[in-house]
Amino acid sequence: GGPAAQASKAAEVAWSPCDGLTAARVGQIAGARVTEQTGTADQPRCTFTPLDEGGPAYDVSYLWFDGGLDAALDSMGAITRQLRPVDVAGADAARVAVKPRRSGILVTGFVQTGGLVQSVNAAQLAPYDEQRLVRSTTDLLAELAKAAPAG
């Protein structure tokens with residue numbers, strides 16, 4: 001797509017990654033109850049916070065980018081060497097990075113479909129199940145890829 005295609009895509013601001021997600025579905029994926037926060041029209045958010053103490057939280061964002069996932073990550077200053085490829089159905093590419101600490105864990109995932117790159121930041125305080133948080137983040141990337149607008 002040339003500049004005109006990019007401009008028309010950028011005009012689709014009514015779309016949000018949250019459109020394809022519900023707190024119930026994210027809760028199913030996470031194995032924990034969450035509540036959805038969508039922010040305001042001026043400052044939209046797509047965040048799922050735990051209803052139960054110690055549960056996982058997920059924050060979803062996106063950007064339009066024509067150059068493929070690795071170029072998009074470079075443009076964001078993402079530490080690409082910490083990211084490892086993961087298989088996500090329906091995605092052109094996907095990456096996940098895991099940062100475990102004693103106090104908690106952060107899992108960041110990126111999924112690309114066409115010119116759209118969506119990301120998930122998942123966090124959980126200790127005690128946490130690293131495998132479970134990585135799996136739920138990856139499953140969330142698959143949900144995002146499935147619900148992504150064609151483009």
# chains A, B, ... in the order shown; residues from 1 in each chain; ligands from 1
>>> select_by_dssp(residues="chain A", states="strand (DSSP E)", output="VMD selection string")
chain A and resid 34 to 39 44 to 50 57 to 64 84 to 85 93 to 100 104 to 113 116 to 125
>>> closest_atom_pairs(of="region 42-103 of chain A", to="region 24-38 of chain A", cutoff="12 Å", atoms="only C-alpha atoms", output="Markdown table")
| residue | atom | partner | partner_atom | distance |
| --- | --- | --- | --- | --- |
| A:Asp42 | CA | A:Thr38 | CA | 10.8 |
| A:Gln43 | CA | A:Thr38 | CA | 8.7 |
| A:Pro44 | CA | A:Thr38 | CA | 5.7 |
| A:Arg45 | CA | A:Thr38 | CA | 4.6 |
| A:Cys46 | CA | A:Thr38 | CA | 5.0 |
| A:Thr47 | CA | A:Gln37 | CA | 5.1 |
| A:Phe48 | CA | A:Glu36 | CA | 4.6 |
| A:Thr49 | CA | A:Val34 | CA | 5.2 |
| A:Pro50 | CA | A:Val34 | CA | 4.4 |
| A:Leu51 | CA | A:Val34 | CA | 5.1 |
| A:Asp52 | CA | A:Arg33 | CA | 6.7 |
| A:Glu53 | CA | A:Arg33 | CA | 10.1 |
| A:Gly54 | CA | A:Ala32 | CA | 9.7 |
| A:Gly55 | CA | A:Ala32 | CA | 6.4 |
| A:Pro56 | CA | A:Ala30 | CA | 7.3 |
| A:Ala57 | CA | A:Val34 | CA | 7.6 |
| A:Tyr58 | CA | A:Val26 | CA | 8.8 |
| A:Asp59 | CA | A:Gln37 | CA | 9.4 |
| A:Val60 | CA | A:Thr38 | CA | 10.2 |
| A:Ser61 | CA | A:Thr38 | CA | 11.3 |
>>> closest_atom_pairs(of="region 94-118 of chain A", to="region 146-151 of chain A", cutoff="10 Å", atoms="only C-alpha atoms", output="JSON lines")
{"residue": "A:Gln112", "atom": "CA", "partner": "A:Ala148", "partner_atom": "CA", "distance": 9.4}
{"residue": "A:Thr113", "atom": "CA", "partner": "A:Ala148", "partner_atom": "CA", "distance": 7.2}
{"residue": "A:Gly114", "atom": "CA", "partner": "A:Gly151", "partner_atom": "CA", "distance": 5.6}
{"residue": "A:Gly115", "atom": "CA", "partner": "A:Gly151", "partner_atom": "CA", "distance": 6.4}
{"residue": "A:Leu116", "atom": "CA", "partner": "A:Gly151", "partner_atom": "CA", "distance": 7.6}
{"residue": "A:Val117", "atom": "CA", "partner": "A:Ala148", "partner_atom": "CA", "distance": 9.6}
{"residue": "A:Gln118", "atom": "CA", "partner": "A:Ala148", "partner_atom": "CA", "distance": 8.9}
>>> atom_distance(atom1="CA of Gln82 (chain A)", atom2="CA of Gly20 (chain A)")
28.0 Å
>>> select_by_dssp(residues="region 9-143 of chain A", states="alpha helix (DSSP H)", output="ChimeraX atom specification")
/A:9-10,23-30,69-76,130-143
>>> write_last_selection(atoms="N, CA and C atoms", output="short mmCIF file (atom, residue, chain, number, x, y, z; two decimals), in the first residue's frame")
data_model
loop_
_atom_site.label_atom_id
_atom_site.label_comp_id
_atom_site.auth_asym_id
_atom_site.auth_seq_id
_atom_site.Cartn_x
_atom_site.Cartn_y
_atom_site.Cartn_z
N LYS A 9 -5.81 3.73 6.21
CA LYS A 9 -5.69 2.83 7.36
C LYS A 9 -5.62 3.60 8.66
N ALA A 10 -4.82 4.67 8.65
CA ALA A 10 -4.66 5.48 9.86
C ALA A 10 -5.99 6.11 10.24
N ALA A 23 -13.53 -9.46 28.55
CA ALA A 23 -12.93 -9.86 29.82
C ALA A 23 -13.15 -11.35 30.06
N ALA A 24 -14.30 -11.86 29.65
CA ALA A 24 -14.61 -13.28 29.84
C ALA A 24 -13.62 -14.14 29.05
N ARG A 25 -13.37 -13.77 27.78
CA ARG A 25 -12.46 -14.55 26.93
C ARG A 25 -11.03 -14.46 27.44
N VAL A 26 -10.59 -13.25 27.82
CA VAL A 26 -9.23 -13.10 28.34
C VAL A 26 -9.09 -13.89 29.64
N GLY A 27 -10.14 -13.87 30.46
CA GLY A 27 -10.13 -14.64 31.70
C GLY A 27 -10.00 -16.14 31.45
N GLN A 28 -10.70 -16.61 30.40
CA GLN A 28 -10.59 -18.03 30.01
C GLN A 28 -9.15 -18.35 29.63
N ILE A 29 -8.57 -17.49 28.80
CA ILE A 29 -7.19 -17.70 28.34
C ILE A 29 -6.23 -17.66 29.52
N ALA A 30 -6.44 -16.70 30.42
CA ALA A 30 -5.52 -16.49 31.54
C ALA A 30 -5.71 -17.52 32.65
N LEU A 69 7.61 -7.38 10.95
CA LEU A 69 7.69 -7.34 12.41
C LEU A 69 9.06 -6.92 12.92
N ASP A 70 10.14 -7.48 12.37
CA ASP A 70 11.47 -7.15 12.90
C ASP A 70 11.80 -5.67 12.73
N ALA A 71 11.43 -5.10 11.57
CA ALA A 71 11.66 -3.68 11.34
C ALA A 71 10.81 -2.84 12.29
N ALA A 72 9.59 -3.27 12.54
CA ALA A 72 8.71 -2.54 13.47
C ALA A 72 9.32 -2.56 14.87
N LEU A 73 9.82 -3.71 15.29
CA LEU A 73 10.42 -3.83 16.62
C LEU A 73 11.65 -2.95 16.73
N ASP A 74 12.47 -2.93 15.67
CA ASP A 74 13.64 -2.06 15.66
C ASP A 74 13.23 -0.60 15.81
N SER A 75 12.15 -0.21 15.13
CA SER A 75 11.70 1.18 15.17
C SER A 75 11.21 1.56 16.56
N MET A 76 10.72 0.58 17.32
CA MET A 76 10.22 0.84 18.67
C MET A 76 11.35 0.75 19.70
N GLU A 130 5.45 -19.19 35.30
CA GLU A 130 6.03 -18.62 34.07
C GLU A 130 5.44 -19.25 32.82
N GLN A 131 5.38 -20.58 32.79
CA GLN A 131 4.88 -21.28 31.59
C GLN A 131 3.44 -20.86 31.29
N ARG A 132 2.64 -20.74 32.35
CA ARG A 132 1.25 -20.39 32.15
C ARG A 132 1.10 -18.97 31.61
N LEU A 133 1.90 -18.03 32.12
CA LEU A 133 1.81 -16.65 31.65
C LEU A 133 2.29 -16.53 30.20
N VAL A 134 3.35 -17.26 29.86
CA VAL A 134 3.84 -17.26 28.48
C VAL A 134 2.77 -17.85 27.56
N ARG A 135 2.16 -18.95 27.98
CA ARG A 135 1.13 -19.60 27.16
C ARG A 135 -0.08 -18.68 26.99
N SER A 136 -0.52 -18.03 28.07
CA SER A 136 -1.70 -17.17 27.96
C SER A 136 -1.39 -15.95 27.08
N THR A 137 -0.17 -15.43 27.16
CA THR A 137 0.21 -14.30 26.31
C THR A 137 0.21 -14.73 24.85
N THR A 138 0.76 -15.90 24.56
CA THR A 138 0.78 -16.42 23.19
C THR A 138 -0.64 -16.67 22.68
N ASP A 139 -1.50 -17.22 23.54
CA ASP A 139 -2.89 -17.46 23.15
C ASP A 139 -3.61 -16.14 22.88
N LEU A 140 -3.28 -15.12 23.65
CA LEU A 140 -3.86 -13.80 23.45
C LEU A 140 -3.41 -13.22 22.10
N LEU A 141 -2.16 -13.43 21.73
CA LEU A 141 -1.66 -13.00 20.42
C LEU A 141 -2.47 -13.65 19.30
N ALA A 142 -2.80 -14.93 19.49
CA ALA A 142 -3.59 -15.65 18.48
C ALA A 142 -5.00 -15.06 18.38
N GLU A 143 -5.60 -14.70 19.51
CA GLU A 143 -6.92 -14.05 19.50
C GLU A 143 -6.84 -12.73 18.75
#
>>> closest_residue(among="A:Ser103, A:Gln124, A:Thr22, A:Ser119", to="Ala145 (chain A)", atoms="only C-alpha atoms")
A:Ser119
>>> atom_distance(atom1="CA of Arg95 (chain A)", atom2="CA of Pro127 (chain A)")
24.6 Å
